[in-house]
Each structure stands twice: as structure tokens, then as C-alpha cells.
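Let me begin by presenting the structure, written as C-alpha cells, before commenting on it.
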Amino acid sequence: MARTGKTEKGETTIDDLIVEMEPVAPGKPPAQRPARFPVLQRLLMLGLVLLGFGAGWLAAGLRASLAEKPAAGGRGETRQDLLADGWVESDQGVFTRRCQGICRRPRLYGGGIVDVMEVACLERPCGQIEATFAVLDDQGREVDKVVETKTGRQGERLQLVIESQKPQSRSFALVDFRAKARVE
């Protein structure tokens, strides 16, 4: 199709009609028709298309990663899932393990040790959790006891931060674990 004048068949194009309809000031030549899509507009459109493609790619990847592993804390987890991941049933319906996932393991300076224990209240509310740990030295002798407490609801995963500031401390051993829930 021709941009100006008539087409090969002798028909007038829509662009020609638009140019004819624009008013022309006396003494001035008719204005040139602007380019249909200037370079900046084309770059902006390309950027928006790429942005949409990238957002779709990320959303599809997020959806796939969420579909791979069931959500934590009793929303799709089963007893078998927890046991397969190294959890131990410490009380009926309450599971524990040393933190292996996303841990916020603090660092101690000046001696002592620190560790994190996860608690999953899968099948019932944990209520008042009380965990007693023996603090052991490098020969395995008990040098101290640490008691950590926290409150947990059903479906929750909790982290107990265990800390001993004794310089001879090397490890922790779980001595006693209780999860007392009051059902009303």
C-alpha cells in the first residue's frame, strides 16, 4: 500500500484521508505526518513485553517450587513426611529435631555454644513446651543443664534456641521434653 496518493488499485488510503482532514494554517506548508511508532515508543513496548515475559517466568517457577514440597506446619505434612525428614516424635503428635532447614543460628563470642531445635506441633496444640538439655563437655560429661520453654499452637513450627556460656561446653543432649496442652 502506498503511504501518499492512491493505491495501486486507485483507492485512497485511510492515512490519506486523515491528512486531508487536518486543518492547514494559511501561509504554512501542510504538516508532515509523524512516524507511526518512534524509536522510544518501540523500545518502551519491547521493554514492557520483556517485563511481562520475566514476570510470567518467575510466577511459573514459584508455582512449581511451591508444588514440589508441601507447606510446613501441618498444612499438607503428614507423620510419614516428618519421620522421613529426620524428625522424632518426642510427645504424642509433637515432633522434634535439631534445626536443619532455615535456622537463625546465633553466634556466641567469648566461649560457650549455641544450637537450635525445631518443634512441629503437627497433630495437636503443643501448649507449654519445656525441653531440658544436658550440656556436655568434650569427654561427654554433664557440666550444666539448660531448660527452654515456649508456647505452641497446632500446625506451628517453633525454634528453641539453646545456649550455654560455659567455656567447657561442647554439645547438648536432650534429657526431657514435655508439651502440655490445656484443651478447653
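In the C-alpha cells, each chain is lettered A, B, ... as it comes, each chain's residues begin at 1, and ligands are numbered from 1 in order of appearance.
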
Among stretch 40-181 of chain A, which ones does DSSP assign to alpha helix (DSSP H) (computed from the backbone)? Answer as a ChimeraX atom specification. /A:40-68,79-84

Surrounding residues of stretch 97-102 of chain A excluding itself and chain neighbours under 6 positions, 7 Å, only C-alpha atoms, as a PyMOL selection string: chain A and resi 86-88+116-119

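Note that the spacing between atom CA of A:Arg141 and atom CA of A:Pro167 amounts to 13.8 Å.
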
Just want the 8 Å neighbourhood of A:Gln168, counted on only C-alpha atoms, with same-chain residues fewer than 3 positions away dropped. Output as a PDB file with N, CA, C and O atoms, in the first residue's frame.
```pdb
ATOM      1  N   GLY A 111      33.346 -17.860  74.267  1.00  0.00           N
ATOM      2  CA  GLY A 111      33.179 -19.184  74.865  1.00  0.00           C
ATOM      3  C   GLY A 111      31.737 -19.605  74.942  1.00  0.00           C
ATOM      4  O   GLY A 111      30.818 -18.796  74.937  1.00  0.00           O
ATOM      5  N   GLY A 112      31.539 -20.916  75.019  1.00  0.00           N
ATOM      6  CA  GLY A 112      30.197 -21.466  75.092  1.00  0.00           C
ATOM      7  C   GLY A 112      29.730 -21.952  73.733  1.00  0.00           C
ATOM      8  O   GLY A 112      30.445 -21.866  72.740  1.00  0.00           O
ATOM      9  N   ASP A 137      30.635 -31.686  78.043  1.00  0.00           N
ATOM     10  CA  ASP A 137      31.977 -31.223  77.682  1.00  0.00           C
ATOM     11  C   ASP A 137      32.544 -32.144  76.599  1.00  0.00           C
ATOM     12  O   ASP A 137      31.850 -33.018  76.087  1.00  0.00           O
ATOM     13  N   ASP A 138      33.838 -31.989  76.267  1.00  0.00           N
ATOM     14  CA  ASP A 138      34.415 -32.777  75.183  1.00  0.00           C
ATOM     15  C   ASP A 138      34.571 -34.263  75.526  1.00  0.00           C
ATOM     16  O   ASP A 138      34.751 -35.091  74.637  1.00  0.00           O
ATOM     17  N   VAL A 143      28.088 -30.901  82.351  1.00  0.00           N
ATOM     18  CA  VAL A 143      28.637 -29.769  83.095  1.00  0.00           C
ATOM     19  C   VAL A 143      27.557 -28.771  83.495  1.00  0.00           C
ATOM     20  O   VAL A 143      27.793 -27.902  84.334  1.00  0.00           O
TER      21      VAL A 143
END
```

Gap from atom CA of A:Pro106 to atom CA of A:Pro125 - Å, one decimal: 27.3 Å

Report, in Å with one decimal, the straight-line distance from atom CA of A:Asp91 to atom CA of A:Arg79. 12.7 Å

Find the spatial neighbours of A:Ile162, counting only C-alpha atoms, within a cut-off of 9 Å - ignore same-chain residues fewer than 6 positions away - and output them as a PyMOL selection string. chain A and resi 113-117+133+146-148+172

May I have the selected residues written with all heavy atoms, as a PDB file, in the first residue's frame?
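Once written, result_22.pdb looks like this:
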```pdb
ATOM      1  N   ILE A 113      28.513 -22.482  73.709  1.00  0.00           N
ATOM      2  CA  ILE A 113      27.931 -22.976  72.465  1.00  0.00           C
ATOM      3  C   ILE A 113      26.467 -22.566  72.366  1.00  0.00           C
ATOM      4  O   ILE A 113      25.848 -22.194  73.361  1.00  0.00           O
ATOM      5  CB  ILE A 113      28.036 -24.519  72.353  1.00  0.00           C
ATOM      6  CG1 ILE A 113      27.323 -25.197  73.514  1.00  0.00           C
ATOM      7  CG2 ILE A 113      29.458 -24.971  72.235  1.00  0.00           C
ATOM      8  CD1 ILE A 113      27.179 -26.700  73.348  1.00  0.00           C
ATOM      9  N   VAL A 114      25.949 -22.669  71.178  1.00  0.00           N
ATOM     10  CA  VAL A 114      24.548 -22.362  70.925  1.00  0.00           C
ATOM     11  C   VAL A 114      24.055 -23.312  69.840  1.00  0.00           C
ATOM     12  O   VAL A 114      24.806 -23.699  68.954  1.00  0.00           O
ATOM     13  CB  VAL A 114      24.353 -20.877  70.519  1.00  0.00           C
ATOM     14  CG1 VAL A 114      24.984 -20.576  69.193  1.00  0.00           C
ATOM     15  CG2 VAL A 114      22.903 -20.485  70.531  1.00  0.00           C
ATOM     16  N   ASP A 115      22.795 -23.730  69.949  1.00  0.00           N
ATOM     17  CA  ASP A 115      22.199 -24.631  68.972  1.00  0.00           C
ATOM     18  C   ASP A 115      20.712 -24.285  68.868  1.00  0.00           C
ATOM     19  O   ASP A 115      20.174 -23.565  69.708  1.00  0.00           O
ATOM     20  CB  ASP A 115      22.371 -26.091  69.402  1.00  0.00           C
ATOM     21  CG  ASP A 115      22.241 -27.062  68.239  1.00  0.00           C
ATOM     22  OD1 ASP A 115      21.997 -26.614  67.102  1.00  0.00           O
ATOM     23  OD2 ASP A 115      22.375 -28.274  68.473  1.00  0.00           O
ATOM     24  N   VAL A 116      20.050 -24.810  67.829  1.00  0.00           N
ATOM     25  CA  VAL A 116      18.634 -24.539  67.624  1.00  0.00           C
ATOM     26  C   VAL A 116      17.917 -25.870  67.431  1.00  0.00           C
ATOM     27  O   VAL A 116      18.376 -26.733  66.678  1.00  0.00           O
ATOM     28  CB  VAL A 116      18.409 -23.637  66.384  1.00  0.00           C
ATOM     29  CG1 VAL A 116      16.931 -23.387  66.158  1.00  0.00           C
ATOM     30  CG2 VAL A 116      19.152 -22.319  66.536  1.00  0.00           C
ATOM     31  N   MET A 117      16.791 -26.033  68.123  1.00  0.00           N
ATOM     32  CA  MET A 117      15.967 -27.227  67.994  1.00  0.00           C
ATOM     33  C   MET A 117      14.611 -26.810  67.447  1.00  0.00           C
ATOM     34  O   MET A 117      14.025 -25.824  67.898  1.00  0.00           O
ATOM     35  CB  MET A 117      15.784 -27.903  69.348  1.00  0.00           C
ATOM     36  CG  MET A 117      15.010 -29.185  69.279  1.00  0.00           C
ATOM     37  SD  MET A 117      15.004 -29.982  70.888  1.00  0.00           S
ATOM     38  CE  MET A 117      13.269 -30.121  71.141  1.00  0.00           C
ATOM     39  N   PHE A 133      17.896 -29.821  78.490  1.00  0.00           N
ATOM     40  CA  PHE A 133      19.091 -30.287  77.800  1.00  0.00           C
ATOM     41  C   PHE A 133      20.242 -30.409  78.781  1.00  0.00           C
ATOM     42  O   PHE A 133      20.424 -29.549  79.649  1.00  0.00           O
ATOM     43  CB  PHE A 133      19.506 -29.298  76.704  1.00  0.00           C
ATOM     44  CG  PHE A 133      18.500 -29.159  75.610  1.00  0.00           C
ATOM     45  CD1 PHE A 133      17.499 -28.203  75.694  1.00  0.00           C
ATOM     46  CD2 PHE A 133      18.541 -29.987  74.511  1.00  0.00           C
ATOM     47  CE1 PHE A 133      16.567 -28.072  74.694  1.00  0.00           C
ATOM     48  CE2 PHE A 133      17.599 -29.864  73.499  1.00  0.00           C
ATOM     49  CZ  PHE A 133      16.611 -28.901  73.589  1.00  0.00           C
ATOM     50  N   VAL A 146      20.220 -26.958  80.843  1.00  0.00           N
ATOM     51  CA  VAL A 146      19.536 -25.799  80.277  1.00  0.00           C
ATOM     52  C   VAL A 146      18.083 -26.193  80.047  1.00  0.00           C
ATOM     53  O   VAL A 146      17.809 -27.257  79.486  1.00  0.00           O
ATOM     54  CB  VAL A 146      20.180 -25.362  78.940  1.00  0.00           C
ATOM     55  CG1 VAL A 146      19.403 -24.227  78.318  1.00  0.00           C
ATOM     56  CG2 VAL A 146      21.624 -24.973  79.137  1.00  0.00           C
ATOM     57  N   VAL A 147      17.155 -25.333  80.474  1.00  0.00           N
ATOM     58  CA  VAL A 147      15.735 -25.570  80.264  1.00  0.00           C
ATOM     59  C   VAL A 147      15.199 -24.447  79.382  1.00  0.00           C
ATOM     60  O   VAL A 147      15.371 -23.265  79.698  1.00  0.00           O
ATOM     61  CB  VAL A 147      14.966 -25.616  81.613  1.00  0.00           C
ATOM     62  CG1 VAL A 147      13.478 -25.804  81.361  1.00  0.00           C
ATOM     63  CG2 VAL A 147      15.510 -26.710  82.504  1.00  0.00           C
ATOM     64  N   GLU A 148      14.569 -24.827  78.266  1.00  0.00           N
ATOM     65  CA  GLU A 148      13.965 -23.855  77.356  1.00  0.00           C
ATOM     66  C   GLU A 148      12.460 -24.072  77.345  1.00  0.00           C
ATOM     67  O   GLU A 148      11.992 -25.217  77.323  1.00  0.00           O
ATOM     68  CB  GLU A 148      14.506 -24.024  75.927  1.00  0.00           C
ATOM     69  CG  GLU A 148      15.941 -23.607  75.760  1.00  0.00           C
ATOM     70  CD  GLU A 148      16.157 -22.124  75.974  1.00  0.00           C
ATOM     71  OE1 GLU A 148      15.275 -21.313  75.599  1.00  0.00           O
ATOM     72  OE2 GLU A 148      17.210 -21.772  76.528  1.00  0.00           O
ATOM     73  N   PHE A 172      24.985 -30.482  73.266  1.00  0.00           N
ATOM     74  CA  PHE A 172      23.764 -30.597  74.051  1.00  0.00           C
ATOM     75  C   PHE A 172      23.168 -31.978  73.834  1.00  0.00           C
ATOM     76  O   PHE A 172      23.261 -32.539  72.742  1.00  0.00           O
ATOM     77  CB  PHE A 172      22.721 -29.558  73.617  1.00  0.00           C
ATOM     78  CG  PHE A 172      23.122 -28.137  73.881  1.00  0.00           C
ATOM     79  CD1 PHE A 172      23.528 -27.320  72.845  1.00  0.00           C
ATOM     80  CD2 PHE A 172      23.067 -27.621  75.163  1.00  0.00           C
ATOM     81  CE1 PHE A 172      23.879 -26.004  73.081  1.00  0.00           C
ATOM     82  CE2 PHE A 172      23.421 -26.305  75.404  1.00  0.00           C
ATOM     83  CZ  PHE A 172      23.835 -25.501  74.363  1.00  0.00           C
TER      84      PHE A 172
END
```

What are the DSSP strand (DSSP E) residues of stretch 21-175 of chain A, as number ranges by chain? A: 88-91, 94-98, 113-121, 127-136, 142-152, 157-164, 171-175

Atoms kept (N, CA and C atoms) for selection, written as a short mmCIF file (atom, residue, chain, number, x, y, z; two decimals), in the first residue's frame:
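See out_36.cif below for the written result:
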```cif
data_model
loop_
_atom_site.label_atom_id
_atom_site.label_comp_id
_atom_site.auth_asym_id
_atom_site.auth_seq_id
_atom_site.Cartn_x
_atom_site.Cartn_y
_atom_site.Cartn_z
N VAL A 88 11.75 -36.68 65.10
CA VAL A 88 11.47 -37.72 66.09
C VAL A 88 10.22 -37.31 66.84
N GLU A 89 9.32 -38.28 67.07
CA GLU A 89 8.10 -37.97 67.82
C GLU A 89 8.47 -37.97 69.31
N SER A 90 8.61 -36.77 69.88
CA SER A 90 9.01 -36.64 71.28
C SER A 90 7.85 -36.72 72.24
N ASP A 91 6.68 -36.37 71.80
CA ASP A 91 5.46 -36.46 72.59
C ASP A 91 4.37 -36.81 71.58
N VAL A 94 3.67 -34.48 68.60
CA VAL A 94 4.64 -33.39 68.61
C VAL A 94 6.00 -33.96 68.22
N PHE A 95 6.64 -33.34 67.21
CA PHE A 95 7.89 -33.84 66.67
C PHE A 95 9.03 -32.84 66.90
N THR A 96 10.24 -33.36 67.06
CA THR A 96 11.41 -32.50 67.29
C THR A 96 12.58 -32.97 66.44
N ARG A 97 13.51 -32.05 66.18
CA ARG A 97 14.80 -32.36 65.55
C ARG A 97 15.71 -31.16 65.71
N ARG A 98 17.00 -31.40 65.56
CA ARG A 98 17.94 -30.29 65.53
C ARG A 98 17.69 -29.54 64.23
N ILE A 113 28.51 -22.48 73.71
CA ILE A 113 27.93 -22.98 72.46
C ILE A 113 26.47 -22.57 72.37
N VAL A 114 25.95 -22.67 71.18
CA VAL A 114 24.55 -22.36 70.92
C VAL A 114 24.05 -23.31 69.84
N ASP A 115 22.80 -23.73 69.95
CA ASP A 115 22.20 -24.63 68.97
C ASP A 115 20.71 -24.29 68.87
N VAL A 116 20.05 -24.81 67.83
CA VAL A 116 18.63 -24.54 67.62
C VAL A 116 17.92 -25.87 67.43
N MET A 117 16.79 -26.03 68.12
CA MET A 117 15.97 -27.23 67.99
C MET A 117 14.61 -26.81 67.45
N GLU A 118 14.13 -27.56 66.44
CA GLU A 118 12.81 -27.29 65.86
C GLU A 118 11.77 -28.17 66.52
N VAL A 119 10.58 -27.62 66.69
CA VAL A 119 9.44 -28.36 67.24
C VAL A 119 8.28 -28.17 66.28
N ALA A 120 7.66 -29.28 65.85
CA ALA A 120 6.49 -29.22 64.96
C ALA A 120 5.28 -29.76 65.71
N CYS A 121 4.29 -28.91 65.89
CA CYS A 121 3.04 -29.29 66.55
C CYS A 121 2.08 -29.75 65.46
N GLY A 127 0.91 -26.46 73.30
CA GLY A 127 0.73 -25.83 74.61
C GLY A 127 2.05 -25.33 75.14
N GLN A 128 2.29 -25.53 76.43
CA GLN A 128 3.54 -25.10 77.06
C GLN A 128 4.60 -26.17 76.81
N ILE A 129 5.62 -25.82 76.05
CA ILE A 129 6.72 -26.73 75.73
C ILE A 129 7.84 -26.49 76.72
N GLU A 130 8.36 -27.57 77.27
CA GLU A 130 9.50 -27.47 78.18
C GLU A 130 10.52 -28.54 77.77
N ALA A 131 11.68 -28.09 77.33
CA ALA A 131 12.74 -29.01 76.90
C ALA A 131 13.95 -28.82 77.81
N THR A 132 14.44 -29.92 78.38
CA THR A 132 15.61 -29.89 79.26
C THR A 132 16.78 -30.53 78.53
N PHE A 133 17.90 -29.82 78.49
CA PHE A 133 19.09 -30.29 77.80
C PHE A 133 20.24 -30.41 78.78
N ALA A 134 21.03 -31.46 78.62
CA ALA A 134 22.27 -31.60 79.37
C ALA A 134 23.37 -30.97 78.53
N VAL A 135 24.18 -30.12 79.17
CA VAL A 135 25.32 -29.51 78.48
C VAL A 135 26.52 -30.41 78.74
N LEU A 136 27.14 -30.88 77.65
CA LEU A 136 28.24 -31.84 77.77
C LEU A 136 29.57 -31.21 77.39
N GLU A 142 28.44 -34.32 81.84
CA GLU A 142 27.48 -33.24 82.01
C GLU A 142 28.09 -32.14 82.86
N VAL A 143 28.09 -30.90 82.35
CA VAL A 143 28.64 -29.77 83.10
C VAL A 143 27.56 -28.77 83.50
N ASP A 144 26.36 -28.88 82.89
CA ASP A 144 25.29 -27.93 83.20
C ASP A 144 23.98 -28.48 82.62
N LYS A 145 22.87 -27.86 83.00
CA LYS A 145 21.55 -28.17 82.43
C LYS A 145 20.94 -26.87 81.96
N VAL A 146 20.22 -26.96 80.84
CA VAL A 146 19.54 -25.80 80.28
C VAL A 146 18.08 -26.19 80.05
N VAL A 147 17.16 -25.33 80.47
CA VAL A 147 15.73 -25.57 80.26
C VAL A 147 15.20 -24.45 79.38
N GLU A 148 14.57 -24.83 78.27
CA GLU A 148 13.97 -23.85 77.36
C GLU A 148 12.46 -24.07 77.34
N THR A 149 11.70 -22.98 77.34
CA THR A 149 10.24 -23.07 77.31
C THR A 149 9.69 -22.18 76.21
N LYS A 150 8.57 -22.61 75.66
CA LYS A 150 7.89 -21.85 74.63
C LYS A 150 6.46 -22.36 74.53
N THR A 151 5.57 -21.58 73.96
CA THR A 151 4.18 -21.98 73.79
C THR A 151 3.92 -22.19 72.30
N GLY A 152 3.22 -23.30 71.96
CA GLY A 152 2.95 -23.59 70.56
C GLY A 152 1.52 -24.01 70.31
N ARG A 157 5.35 -24.49 63.65
CA ARG A 157 6.72 -24.94 63.80
C ARG A 157 7.44 -23.88 64.61
N LEU A 158 8.12 -24.32 65.65
CA LEU A 158 8.81 -23.39 66.54
C LEU A 158 10.30 -23.70 66.53
N GLN A 159 11.09 -22.73 66.97
CA GLN A 159 12.52 -22.93 67.13
C GLN A 159 12.90 -22.57 68.56
N LEU A 160 13.56 -23.51 69.23
CA LEU A 160 14.08 -23.26 70.58
C LEU A 160 15.59 -23.00 70.44
N VAL A 161 16.02 -21.86 70.91
CA VAL A 161 17.44 -21.52 70.88
C VAL A 161 18.05 -21.94 72.21
N ILE A 162 19.01 -22.88 72.14
CA ILE A 162 19.65 -23.44 73.33
C ILE A 162 21.03 -22.81 73.43
N GLU A 163 21.35 -22.29 74.61
CA GLU A 163 22.60 -21.57 74.77
C GLU A 163 23.25 -21.90 76.10
N SER A 164 24.56 -22.13 76.07
CA SER A 164 25.35 -22.31 77.29
C SER A 164 26.59 -21.46 77.16
N SER A 171 28.56 -29.73 73.50
CA SER A 171 27.35 -30.22 72.84
C SER A 171 26.18 -30.25 73.82
N PHE A 172 24.99 -30.48 73.27
CA PHE A 172 23.76 -30.60 74.05
C PHE A 172 23.17 -31.98 73.83
N ALA A 173 22.54 -32.50 74.87
CA ALA A 173 21.80 -33.76 74.77
C ALA A 173 20.42 -33.52 75.36
N LEU A 174 19.38 -33.88 74.61
CA LEU A 174 18.01 -33.71 75.08
C LEU A 174 17.74 -34.74 76.18
N VAL A 175 17.41 -34.25 77.36
CA VAL A 175 17.16 -35.13 78.51
C VAL A 175 15.66 -35.36 78.70
#
```
